[in-house]
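Asker: Enclosed is the structure file query_8.pdb (PDB, C-alpha atoms).
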```
ATOM      1  CA  MET A   1      40.499 143.296 215.191
ATOM      2  CA  VAL A   2      37.229 141.444 215.660
ATOM      3  CA  ARG A   3      38.099 139.086 218.452
ATOM      4  CA  TYR A   4      34.789 138.333 220.185
ATOM      5  CA  LEU A   5      31.387 137.312 218.864
ATOM      6  CA  LEU A   6      28.316 137.222 221.089
ATOM      7  CA  ARG A   7      24.946 135.863 220.059
ATOM      8  CA  HIS A   8      21.905 137.763 221.259
ATOM      9  CA  PRO A   9      19.922 136.373 224.224
ATOM     10  CA  GLU A  10      17.035 133.981 223.705
ATOM     11  CA  PRO A  11      13.903 135.492 222.196
ATOM     12  CA  ALA A  12      10.464 134.802 223.641
ATOM     13  CA  ASP A  13       7.801 132.776 221.857
ATOM     14  CA  ILE A  14       9.840 131.615 218.848
ATOM     15  CA  GLU A  15       9.320 127.849 219.095
ATOM     16  CA  GLY A  16       8.914 126.576 215.527
ATOM     17  CA  LEU A  17       8.955 130.101 214.060
ATOM     18  CA  CYS A  18      10.993 131.190 211.047
ATOM     19  CA  TYR A  19      12.599 134.489 212.002
ATOM     20  CA  GLY A  20      15.650 136.246 210.680
ATOM     21  CA  ARG A  21      14.835 139.888 210.075
ATOM     22  CA  LEU A  22      11.574 139.619 212.001
ATOM     23  CA  GLU A  23      11.641 141.653 215.220
ATOM     24  CA  VAL A  24      11.049 139.360 218.178
ATOM     25  CA  ALA A  25      11.061 140.216 221.871
ATOM     26  CA  LEU A  26      13.634 138.808 224.258
ATOM     27  CA  LYS A  27      12.704 136.411 227.041
ATOM     28  CA  PRO A  28      12.443 138.093 230.430
ATOM     29  CA  GLY A  29      15.668 137.850 232.403
ATOM     30  CA  TRP A  30      17.924 138.118 229.357
ATOM     31  CA  GLN A  31      20.223 140.423 231.347
ATOM     32  CA  ASP A  32      21.454 137.451 233.409
ATOM     33  CA  ALA A  33      22.715 135.646 230.302
ATOM     34  CA  ILE A  34      24.384 138.750 228.883
ATOM     35  CA  GLY A  35      25.784 139.551 232.322
ATOM     36  CA  ARG A  36      27.547 136.178 232.426
ATOM     37  CA  ALA A  37      29.140 136.932 229.059
ATOM     38  CA  GLY A  38      30.117 140.362 230.369
ATOM     39  CA  HIS A  39      31.844 138.837 233.401
ATOM     40  CA  ARG A  40      33.773 136.527 231.093
ATOM     41  CA  LEU A  41      34.739 139.481 228.911
ATOM     42  CA  ASN A  42      35.902 141.505 231.918
ATOM     43  CA  ALA A  43      38.171 138.644 232.896
ATOM     44  CA  SER A  44      39.614 137.875 229.476
ATOM     45  CA  ALA A  45      39.056 140.902 227.238
ATOM     46  CA  PRO A  46      40.043 144.154 228.900
ATOM     47  CA  GLY A  47      41.037 145.576 225.504
ATOM     48  CA  ILE A  48      37.588 145.758 223.886
ATOM     49  CA  THR A  49      37.191 149.239 222.431
ATOM     50  CA  ARG A  50      33.659 148.968 221.010
ATOM     51  CA  ILE A  51      30.602 146.796 220.599
ATOM     52  CA  VAL A  52      29.365 146.543 217.023
ATOM     53  CA  THR A  53      25.800 145.297 216.875
ATOM     54  CA  SER A  54      23.082 144.292 214.499
ATOM     55  CA  PRO A  55      20.323 146.909 214.445
ATOM     56  CA  ALA A  56      17.724 144.264 215.377
ATOM     57  CA  GLN A  57      16.133 145.116 218.724
ATOM     58  CA  ARG A  58      17.125 141.717 220.172
ATOM     59  CA  CYS A  59      20.755 142.794 219.672
ATOM     60  CA  ILE A  60      20.653 146.578 220.180
ATOM     61  CA  GLU A  61      19.130 146.435 223.662
ATOM     62  CA  PRO A  62      21.638 143.900 225.059
ATOM     63  CA  ALA A  63      24.514 145.700 223.300
ATOM     64  CA  HIS A  64      23.695 148.990 225.020
ATOM     65  CA  TRP A  65      23.181 147.214 228.352
ATOM     66  CA  LEU A  66      26.576 145.509 228.025
ATOM     67  CA  GLY A  67      28.273 148.618 226.631
ATOM     68  CA  GLU A  68      27.307 150.579 229.740
ATOM     69  CA  ARG A  69      28.839 147.914 231.966
ATOM     70  CA  LEU A  70      32.025 147.547 229.915
ATOM     71  CA  ARG A  71      32.215 151.326 229.396
ATOM     72  CA  VAL A  72      32.624 151.079 225.645
ATOM     73  CA  PRO A  73      30.672 152.710 222.827
ATOM     74  CA  VAL A  74      28.040 150.780 220.885
ATOM     75  CA  VAL A  75      27.651 151.199 217.136
ATOM     76  CA  SER A  76      25.087 149.613 214.853
ATOM     77  CA  ASP A  77      26.005 147.972 211.550
ATOM     78  CA  ALA A  78      23.205 146.626 209.345
ATOM     79  CA  ARG A  79      25.635 144.174 207.736
ATOM     80  CA  LEU A  80      25.368 142.120 210.962
ATOM     81  CA  LEU A  81      21.644 141.435 210.490
ATOM     82  CA  GLU A  82      20.451 137.835 210.393
ATOM     83  CA  LEU A  83      19.583 136.040 207.153
ATOM     84  CA  ASP A  84      16.580 137.460 205.319
ATOM     85  CA  PHE A  85      14.056 134.641 204.987
ATOM     86  CA  GLY A  86      11.864 136.620 202.564
ATOM     87  CA  ILE A  87       8.236 135.524 202.482
ATOM     88  CA  TRP A  88       8.923 132.861 205.110
ATOM     89  CA  GLU A  89       9.558 135.466 207.847
ATOM     90  CA  GLY A  90       7.121 135.028 210.718
ATOM     91  CA  ARG A  91       5.664 131.765 209.430
ATOM     92  CA  ARG A  92       5.882 128.470 211.250
ATOM     93  CA  TRP A  93       8.488 126.082 209.855
ATOM     94  CA  ASP A  94       5.956 123.240 209.694
ATOM     95  CA  ALA A  95       3.824 125.422 207.379
ATOM     96  CA  ILE A  96       6.826 126.180 205.154
ATOM     97  CA  ASP A  97       7.891 122.578 204.604
ATOM     98  CA  GLY A  98       7.531 121.810 200.922
ATOM     99  CA  PRO A  99       9.526 121.681 197.674
ATOM    100  CA  GLU A 100      10.913 125.234 198.049
ATOM    101  CA  CYS A 101      12.037 124.547 201.610
ATOM    102  CA  ARG A 102      13.628 121.223 200.666
ATOM    103  CA  ALA A 103      15.462 122.873 197.748
ATOM    104  CA  TRP A 104      16.766 125.597 200.051
ATOM    105  CA  THR A 105      17.876 123.196 202.794
ATOM    106  CA  GLY A 106      19.605 121.110 200.100
ATOM    107  CA  ASP A 107      21.858 124.078 199.254
ATOM    108  CA  PHE A 108      21.351 126.856 201.817
ATOM    109  CA  VAL A 109      24.696 128.408 200.874
ATOM    110  CA  ASN A 110      23.732 129.231 197.278
ATOM    111  CA  GLY A 111      19.938 128.960 197.412
ATOM    112  CA  ALA A 112      17.598 131.472 198.965
ATOM    113  CA  PRO A 113      14.128 131.362 200.467
ATOM    114  CA  PRO A 114      11.581 133.005 198.136
ATOM    115  CA  GLY A 115      12.276 136.746 198.246
ATOM    116  CA  GLY A 116      15.104 136.136 200.735
ATOM    117  CA  GLU A 117      18.858 135.975 200.865
ATOM    118  CA  ARG A 118      21.508 133.375 200.113
ATOM    119  CA  PHE A 119      23.783 132.400 203.018
ATOM    120  CA  ALA A 120      26.751 133.151 200.729
ATOM    121  CA  ALA A 121      25.484 136.757 200.480
ATOM    122  CA  LEU A 122      25.191 136.955 204.284
ATOM    123  CA  ALA A 123      28.759 135.654 204.598
ATOM    124  CA  ALA A 124      30.032 138.275 202.129
ATOM    125  CA  ARG A 125      28.383 141.169 203.969
ATOM    126  CA  VAL A 126      29.575 140.094 207.437
ATOM    127  CA  ARG A 127      33.081 139.558 206.037
ATOM    128  CA  ALA A 128      32.982 143.121 204.659
ATOM    129  CA  ALA A 129      31.854 144.395 208.072
ATOM    130  CA  ARG A 130      34.690 142.526 209.789
ATOM    131  CA  VAL A 131      37.282 143.937 207.394
ATOM    132  CA  ASP A 132      35.950 147.496 207.739
ATOM    133  CA  TRP A 133      35.908 147.368 211.548
ATOM    134  CA  GLU A 134      39.372 145.840 211.691
ATOM    135  CA  GLN A 135      40.675 148.703 209.551
ATOM    136  CA  GLN A 136      39.302 151.115 212.192
ATOM    137  CA  GLY A 137      41.761 149.669 214.717
ATOM    138  CA  GLY A 138      41.009 148.588 218.251
ATOM    139  CA  CYS A 139      39.265 145.422 219.346
ATOM    140  CA  SER A 140      35.605 144.862 218.526
ATOM    141  CA  LEU A 141      32.959 142.645 220.030
ATOM    142  CA  PHE A 142      30.261 141.789 217.480
ATOM    143  CA  LEU A 143      26.884 141.237 219.165
ATOM    144  CA  CYS A 144      24.635 139.728 216.542
ATOM    145  CA  HIS A 145      22.840 136.592 215.326
ATOM    146  CA  GLY A 146      23.624 132.934 214.810
ATOM    147  CA  GLY A 147      23.951 133.140 211.023
ATOM    148  CA  PRO A 148      26.567 135.929 210.943
ATOM    149  CA  ILE A 149      28.515 134.351 213.803
ATOM    150  CA  ARG A 150      28.603 130.967 212.082
ATOM    151  CA  ALA A 151      29.760 132.600 208.833
ATOM    152  CA  LEU A 152      32.558 134.472 210.632
ATOM    153  CA  VAL A 153      33.688 131.361 212.521
ATOM    154  CA  ALA A 154      33.701 129.334 209.290
ATOM    155  CA  GLU A 155      35.795 132.037 207.615
ATOM    156  CA  HIS A 156      38.172 132.271 210.572
ATOM    157  CA  HIS A 157      38.777 128.508 210.529
ATOM    158  CA  HIS A 158      38.881 128.308 206.712
ATOM    159  CA  LEU A 159      35.829 126.007 206.619
ATOM    160  CA  PRO A 160      33.389 125.754 203.725
ATOM    161  CA  LEU A 161      30.182 127.689 204.408
ATOM    162  CA  ALA A 162      28.233 124.441 204.077
ATOM    163  CA  GLN A 163      29.792 123.395 207.405
ATOM    164  CA  ALA A 164      28.803 126.591 209.229
ATOM    165  CA  PHE A 165      25.669 125.095 210.754
ATOM    166  CA  SER A 166      27.444 122.033 212.129
ATOM    167  CA  MET A 167      28.552 124.361 214.932
ATOM    168  CA  THR A 168      26.222 124.520 217.917
ATOM    169  CA  LEU A 169      25.717 128.048 219.174
ATOM    170  CA  ALA A 170      23.595 128.825 222.191
ATOM    171  CA  PHE A 171      21.798 132.079 222.807
ATOM    172  CA  ALA A 172      24.054 134.594 224.611
ATOM    173  CA  GLU A 173      27.070 132.399 223.827
ATOM    174  CA  LEU A 174      30.408 134.183 223.618
ATOM    175  CA  VAL A 175      32.847 132.992 220.940
ATOM    176  CA  GLU A 176      36.460 134.065 221.072
ATOM    177  CA  LEU A 177      38.393 134.018 217.813
ATOM    178  CA  SER A 178      42.048 133.251 218.219
ATOM    179  CA  PRO A 179      44.255 136.199 217.330
ATOM    180  CA  GLY A 180      46.018 136.240 214.020
ATOM    181  CA  PRO A 181      45.171 136.737 210.380
ATOM    182  CA  VAL A 182      42.052 135.227 208.890
TER
END
```
Kindly transcribe the structure held in the file into structure tokens.

Answerer:
Amino acid sequence: MVRYLLRHPEPADIEGLCYGRLEVALKPGWQDAIGRAGHRLNASAPGITRIVTSPAQRCIEPAHWLGERLRVPVVSDARLLELDFGIWEGRRWDAIDGPECRAWTGDFVNGAPPGGERFAALAARVRAARVDWEQQGGCSLFLCHGGPIRALVAEHHHLPLAQAFSMTLAFAELVELSPGPV
């Protein structure tokens, strides 16, 4: 089962930046934040059998660091990547603001940034990843991004995807899904 979700640590120099698939470096000291999540996992999740991570560097590096400490294997799954913002990737949000941005924010579930991905498509791919990993058996920790975590939490609680971003989610925040069927 997928029981734990962990958002990657805070990236450096992202203030006002649109990034989803864009590779961004982590802030120095990120190990402290992931270490706190690891301590919490040691106390409450002795049954984790693997860490499944997004292949983005901001996830892979912390996943391997945590995997060594928890003594579990780390596997990468591209379905856990963040939303693809298309041509907006790497641009400042204040430079993107315009009719296309307003249309997308008006229906981010079904709309997509130019050349990018719909949030509904992200939700479908992370759902498929969850189902596949649950069929493998064991207990997985997904270490990934805010978008996939919000989609999985919305699914778990049977919420419409439009409500996914009403959830606050800090960097390096650990989310525990209650056991039971989704």

Asker: Could you tell me, as a ChimeraX atom specification, exactly which residues end up selected when the PyMOL selection byres ((chain A and resi 76) around 7) is applied to this structure?

Answerer: /A:52-55,74-75,77-78

Asker: Given only C-alpha atoms as the basis, pick out the residue of A:Gly147, A:Gly98, A:Gly115, A:Pro9 nearest to Arg36 (chain A).

Answerer: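 Ranked by minimum distance to Arg36 (chain A), first place goes to A:Pro9.
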
Asker: Could you check which of A:Ser140, A:Phe85, A:Gly38, A:Leu26 is closest to Glu61 (chain A), using all atoms listed in the file?

Answerer: A:Leu26

Asker: With the file shown as input, list the residues that the PyMOL selection byres ((chain A and resi 22) around 12) selects, as a list in words.

Answerer: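 After applying the PyMOL selection byres ((chain A and resi 22) around 12), what remains is Pro11, Ile14, Leu17, Cys18, Tyr19, Gly20, Arg21, Glu23, Val24, Ala25, Pro55, Ala56, Gln57, Arg58, Leu81, Glu82, Leu83, Asp84, Phe85, Gly86, Ile87, Trp88, Glu89, Gly90 and Arg91 of chain A.
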
Asker: Give me, as JSON, numbers by chain, all polymer residues having an atom no more than 8 Å from His8 (chain A), counting only C-alpha atoms and skipping those fewer than 3 positions away in the same chain.

Answerer: {"A": [58, 59, 62, 143, 144, 145, 171, 172, 173]}

Asker: Give me a file of those residues, with C-alpha atoms, as a CSV table (one decimal), in the coordinates of the input.

Answerer:
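Dumped everything to selection28.csv:
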```csv
chain,number,residue,atom,x,y,z
A,58,ARG,CA,17.1,141.7,220.2
A,59,CYS,CA,20.8,142.8,219.7
A,62,PRO,CA,21.6,143.9,225.1
A,143,LEU,CA,26.9,141.2,219.2
A,144,CYS,CA,24.6,139.7,216.5
A,145,HIS,CA,22.8,136.6,215.3
A,171,PHE,CA,21.8,132.1,222.8
A,172,ALA,CA,24.1,134.6,224.6
A,173,GLU,CA,27.1,132.4,223.8
```

Asker: Exactly which residues make up the result of the PyMOL selection byres ((chain A and resi 73) around 9) on this file, given as a list in words?

Answerer: Thr49, Arg50, Ile51, Val52, His64, Gly67, Glu68, Leu70, Arg71, Val72, Val74 and Val75 of chain A

Asker: Tell me which of A:Arg150, A:His39, A:Arg130, A:His158 sits closest to Ala170 (chain A), counting all atoms listed in the file.

Answerer: A:Arg150

Asker: In Å, rounded to a single decimal, give me how far CA of Arg79 (chain A) is from CA of Gln163 (chain A).

Answerer: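 About the pair CA of Gln163 (chain A) and CA of Arg79 (chain A): they are 21.2 Å apart.
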
Asker: With all atoms listed in the file as the atoms that count, which of A:Val109, A:Ala95, A:Leu6, A:Ala124 lies nearest to Ala63 (chain A)?

Answerer: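 Nearest candidate to Ala63 (chain A) out of A:Val109, A:Ala95, A:Leu6, A:Ala124: A:Leu6.
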
Asker: My list of candidates is A:Asp107, A:Pro99, A:Glu10, A:Leu80. Which is closest to Arg125 (chain A) when distances are computed with only C-alpha atoms?

Answerer: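 Under the stated criterion, the closest residue is A:Leu80.
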
Asker: Just the number, please: distance in Å from CA of Gly16 (chain A) to CA of Ile96 (chain A), one decimal.

Answerer: 10.6 Å

Asker: Which is closest to Glu176 (chain A) among A:Ala120, A:Leu141, A:Cys101, A:Ala164, if we use all atoms listed in the file?

Answerer: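 So, comparing all the options, the nearest one is A:Leu141.
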
Asker: N, CA and C atoms are needed for region 100-117 of chain A; please write them out as a compact mmCIF listing (two decimals), in the coordinates of the input.

Answerer:
```txt
# COMPACT_ATOMS: atom_id res chain seq x y z
N GLU A 100 10.00 124.09 197.97
CA GLU A 100 10.91 125.23 198.05
C GLU A 100 11.82 125.12 199.27
N CYS A 101 11.25 124.68 200.38
CA CYS A 101 12.04 124.55 201.61
C CYS A 101 13.08 123.44 201.45
N ARG A 102 12.69 122.33 200.86
CA ARG A 102 13.63 121.22 200.67
C ARG A 102 14.75 121.63 199.71
N ALA A 103 14.43 122.40 198.68
CA ALA A 103 15.46 122.87 197.75
C ALA A 103 16.43 123.79 198.48
N TRP A 104 15.91 124.68 199.32
CA TRP A 104 16.77 125.60 200.05
C TRP A 104 17.64 124.85 201.05
N THR A 105 17.07 123.93 201.82
CA THR A 105 17.88 123.20 202.79
C THR A 105 18.90 122.29 202.11
N GLY A 106 18.64 121.91 200.85
CA GLY A 106 19.60 121.11 200.10
C GLY A 106 20.83 121.90 199.70
N ASP A 107 20.72 123.22 199.59
CA ASP A 107 21.86 124.08 199.25
C ASP A 107 21.61 125.47 199.83
N PHE A 108 21.64 125.58 201.16
CA PHE A 108 21.35 126.86 201.82
C PHE A 108 22.44 127.89 201.58
N VAL A 109 23.62 127.45 201.13
CA VAL A 109 24.70 128.41 200.87
C VAL A 109 24.38 129.22 199.62
N ASN A 110 23.96 128.56 198.56
CA ASN A 110 23.73 129.23 197.28
C ASN A 110 22.27 129.46 196.94
N GLY A 111 21.37 128.77 197.63
CA GLY A 111 19.94 128.96 197.41
C GLY A 111 19.40 129.99 198.38
N ALA A 112 18.21 130.47 198.09
CA ALA A 112 17.60 131.47 198.96
C ALA A 112 16.12 131.16 199.14
N PRO A 113 15.58 131.45 200.31
CA PRO A 113 14.13 131.36 200.47
C PRO A 113 13.47 132.34 199.49
N PRO A 114 12.24 132.10 199.08
CA PRO A 114 11.58 133.00 198.14
C PRO A 114 11.59 134.45 198.65
N GLY A 115 12.19 135.34 197.86
CA GLY A 115 12.28 136.75 198.25
C GLY A 115 13.32 137.01 199.31
N GLY A 116 14.12 136.01 199.65
CA GLY A 116 15.10 136.14 200.74
C GLY A 116 16.53 136.20 200.23
N GLU A 117 17.43 135.79 201.08
CA GLU A 117 18.86 135.98 200.86
C GLU A 117 19.60 134.64 200.89
```
